[in-house]
Amino acid sequence: MRRGFFAVLGFTLAASMACVPASQAAAAKPTQSTESVGVYKVAVDHGVSLADAAESMRLRANALNLKLVAELPLSKQVEAITGKPQHTITIYQFCDAVLANDLISMNLDFAVYMPCRIALIEDAKGQGWLVMMDVNVDAVAKEKRLPQALKDRVNKVRNALVDIMQAGAKGEL
């Protein structure tokens, strides 16, 4: 379990190091390729604090019926260990428990995608970013032979996560 967490964390952090310039971030959209997984990243708008972005994400997730099942203040843990101030890194985990159960019942491999994670990261310049693993639902559905109804539910969650990130980036309530 730890290995999986650190693998996802490493992937998330590595992705965040390849930041899109802020001027391009507002328009940053993932490209759907034949790859199963990509990265979706958006800059937090100037004037929106990281605390406001986090609160906006919590509120939007609740409105979309996705439950916040964990909040991991990674930078605070590093600060406690090293005694040195850190740039913010907090990982929010959201879940649609019924969909998660249905997917895992179909194929245990789906557990690696759960729960859905959005990282709130402050880069070295103080710019806030929201980063998530962007699953190419079409590629995964084809590979895992998902029935259309299940594929539609997965797509709905993926789109809800993008909505949560957009609300967070803009500080919307």
# chains A, B, ... in the order shown; residues from 1 in each chain; ligands from 1

$ residues_around --residues "A:Pro115" --least-positions-apart "5" --cutoff "9 Å" --atoms "only C-alpha atoms" --output "PyMOL selection string"
chain A and resi 69-70+93-97+100

$ write_last_selection --atoms "N, CA and C atoms" --output "mmCIF file, in the first residue's frame"
data_model
loop_
_atom_site.group_PDB
_atom_site.id
_atom_site.type_symbol
_atom_site.label_atom_id
_atom_site.label_comp_id
_atom_site.auth_asym_id
_atom_site.auth_seq_id
_atom_site.Cartn_x
_atom_site.Cartn_y
_atom_site.Cartn_z
ATOM 1 N N VAL A 69 -12.438 11.969 0.763
ATOM 2 C CA VAL A 69 -12.167 10.866 1.684
ATOM 3 C C VAL A 69 -10.823 11.002 2.383
ATOM 4 N N ALA A 70 -9.960 11.893 1.890
ATOM 5 C CA ALA A 70 -8.675 12.107 2.556
ATOM 6 C C ALA A 70 -8.070 13.417 2.089
ATOM 7 N N GLN A 93 -8.143 13.580 -1.896
ATOM 8 C CA GLN A 93 -8.636 12.353 -2.488
ATOM 9 C C GLN A 93 -10.156 12.351 -2.465
ATOM 10 N N PHE A 94 -10.734 12.186 -3.645
ATOM 11 C CA PHE A 94 -12.183 12.191 -3.809
ATOM 12 C C PHE A 94 -12.640 10.816 -4.275
ATOM 13 N N CYS A 95 -13.894 10.470 -3.950
ATOM 14 C CA CYS A 95 -14.355 9.135 -4.313
ATOM 15 C C CYS A 95 -15.862 9.091 -4.534
ATOM 16 N N ASP A 96 -16.254 8.320 -5.510
ATOM 17 C CA ASP A 96 -17.627 7.865 -5.687
ATOM 18 C C ASP A 96 -17.566 6.388 -5.298
ATOM 19 N N ALA A 97 -17.921 6.089 -4.065
ATOM 20 C CA ALA A 97 -17.728 4.750 -3.503
ATOM 21 C C ALA A 97 -18.456 3.657 -4.283
ATOM 22 N N ALA A 100 -16.537 3.045 -7.459
ATOM 23 C CA ALA A 100 -15.289 2.364 -7.105
ATOM 24 C C ALA A 100 -15.546 0.883 -6.874
#

$ closest_atom_pairs --of "stretch 116-135 of chain A" --to "stretch 56-60 of chain A" --cutoff "12 Å" --atoms "only C-alpha atoms" --output "CSV"
residue,atom,partner,partner_atom,distance
A:Arg117,CA,A:Met57,CA,11.8
A:Ile118,CA,A:Met57,CA,9.4
A:Ala119,CA,A:Met57,CA,11.0
A:Leu120,CA,A:Met57,CA,10.1
A:Leu130,CA,A:Met57,CA,10.1

$ write_last_selection --atoms "C-alpha atoms" --output "PDB file, in the first residue's frame"
ATOM      1  CA  ARG A 117      -6.456  12.493  -6.445  1.00  0.00           C
ATOM      2  CA  ILE A 118      -5.968  16.186  -7.029  1.00  0.00           C
ATOM      3  CA  ALA A 119      -2.727  17.721  -5.794  1.00  0.00           C
ATOM      4  CA  LEU A 120      -2.571  21.378  -4.768  1.00  0.00           C
ATOM      5  CA  LEU A 130      -3.849  21.817  -9.386  1.00  0.00           C
TER       6      LEU A 130
END

$ closest_residue --among "A:Val135, A:Ile121, A:Ala54, A:Leu103" --to "A:Leu150" --atoms "only C-alpha atoms"
A:Leu103

$ select_by_dssp --residues "stretch 33-157 of chain A" --states "strand (DSSP E or B)" --output "ChimeraX atom specification"
/A:37-43,67-72,89-95,116-122,128-135

$ write_last_selection --atoms "C-alpha atoms" --output "compact mmCIF listing (two decimals), in the first residue's frame"
# COMPACT_ATOMS: atom_id res chain seq x y z
CA VAL A 37 -2.92 7.97 -18.38
CA GLY A 38 -1.81 11.57 -18.77
CA VAL A 39 -1.71 14.65 -16.59
CA TYR A 40 -4.30 17.40 -16.29
CA LYS A 41 -2.87 20.58 -14.79
CA VAL A 42 -4.23 24.07 -14.26
CA ALA A 43 -2.77 27.15 -12.58
CA LYS A 67 -16.82 12.64 -1.24
CA LEU A 68 -13.55 14.02 0.08
CA VAL A 69 -12.17 10.87 1.68
CA ALA A 70 -8.67 12.11 2.56
CA GLU A 71 -6.57 15.23 2.69
CA LEU A 72 -2.82 14.64 2.88
CA ILE A 89 1.86 20.25 -1.34
CA THR A 90 -1.52 18.85 -0.32
CA ILE A 91 -3.18 15.89 -1.94
CA TYR A 92 -6.98 15.70 -1.89
CA GLN A 93 -8.64 12.35 -2.49
CA PHE A 94 -12.18 12.19 -3.81
CA CYS A 95 -14.35 9.14 -4.31
CA CYS A 116 -9.21 10.05 -7.43
CA ARG A 117 -6.46 12.49 -6.45
CA ILE A 118 -5.97 16.19 -7.03
CA ALA A 119 -2.73 17.72 -5.79
CA LEU A 120 -2.57 21.38 -4.77
CA ILE A 121 1.04 22.42 -5.25
CA GLU A 122 2.83 25.72 -4.78
CA GLY A 128 -0.40 27.47 -7.16
CA TRP A 129 -1.17 24.48 -9.37
CA LEU A 130 -3.85 21.82 -9.39
CA VAL A 131 -2.63 18.54 -10.86
CA MET A 132 -4.33 15.20 -11.38
CA MET A 133 -3.83 11.97 -13.22
CA ASP A 134 -5.98 12.23 -16.34
CA VAL A 135 -7.28 8.85 -17.32

$ select_by_dssp --residues "stretch 33-155 of chain A" --states "alpha helix (DSSP H)" --output "ChimeraX atom specification"
/A:50-63,74-82,97-106,137-144,148-155

$ write_last_selection --atoms "C-alpha atoms" --output "short mmCIF file (atom, residue, chain, number, x, y, z; two decimals), in the first residue's frame"
data_model
loop_
_atom_site.label_atom_id
_atom_site.label_comp_id
_atom_site.auth_asym_id
_atom_site.auth_seq_id
_atom_site.Cartn_x
_atom_site.Cartn_y
_atom_site.Cartn_z
CA LEU A 50 -4.33 28.32 -1.94
CA ALA A 51 -6.72 28.11 1.03
CA ASP A 52 -9.53 29.55 -1.11
CA ALA A 53 -8.70 27.14 -3.95
CA ALA A 54 -8.87 24.21 -1.52
CA GLU A 55 -12.18 25.38 -0.06
CA SER A 56 -13.63 25.85 -3.55
CA MET A 57 -12.63 22.29 -4.46
CA ARG A 58 -14.25 20.90 -1.31
CA LEU A 59 -17.48 22.79 -1.98
CA ARG A 60 -17.64 21.82 -5.66
CA ALA A 61 -16.91 18.15 -4.89
CA ASN A 62 -19.76 18.15 -2.38
CA ALA A 63 -22.11 19.73 -4.93
CA LEU A 74 2.49 16.35 2.53
CA SER A 75 4.41 19.62 2.85
CA LYS A 76 3.49 19.88 6.54
CA GLN A 77 4.80 16.34 7.09
CA VAL A 78 8.08 17.21 5.36
CA GLU A 79 8.32 20.41 7.40
CA ALA A 80 7.81 18.45 10.62
CA ILE A 81 10.56 16.00 9.66
CA THR A 82 13.10 18.52 8.32
CA ALA A 97 -17.73 4.75 -3.50
CA VAL A 98 -20.43 2.93 -5.48
CA LEU A 99 -18.56 3.39 -8.77
CA ALA A 100 -15.29 2.36 -7.11
CA ASN A 101 -16.92 -0.82 -5.85
CA ASP A 102 -18.43 -1.62 -9.25
CA LEU A 103 -15.10 -1.13 -11.03
CA ILE A 104 -13.10 -3.18 -8.54
CA SER A 105 -15.73 -5.92 -8.66
CA MET A 106 -15.23 -6.04 -12.40
CA VAL A 137 -11.46 6.80 -20.35
CA ASP A 138 -11.82 5.58 -23.94
CA ALA A 139 -8.45 3.78 -23.87
CA VAL A 140 -9.06 2.22 -20.45
CA ALA A 141 -12.62 1.23 -21.33
CA LYS A 142 -11.38 -0.52 -24.47
CA GLU A 143 -8.46 -2.19 -22.69
CA LYS A 144 -10.54 -3.39 -19.72
CA GLN A 148 -20.85 1.45 -22.01
CA ALA A 149 -22.90 2.27 -18.90
CA LEU A 150 -19.84 1.88 -16.66
CA LYS A 151 -17.69 3.86 -19.10
CA ASP A 152 -20.26 6.68 -18.96
CA ARG A 153 -20.12 6.72 -15.14
CA VAL A 154 -16.30 6.84 -15.18
CA ASN A 155 -16.42 9.71 -17.68
#
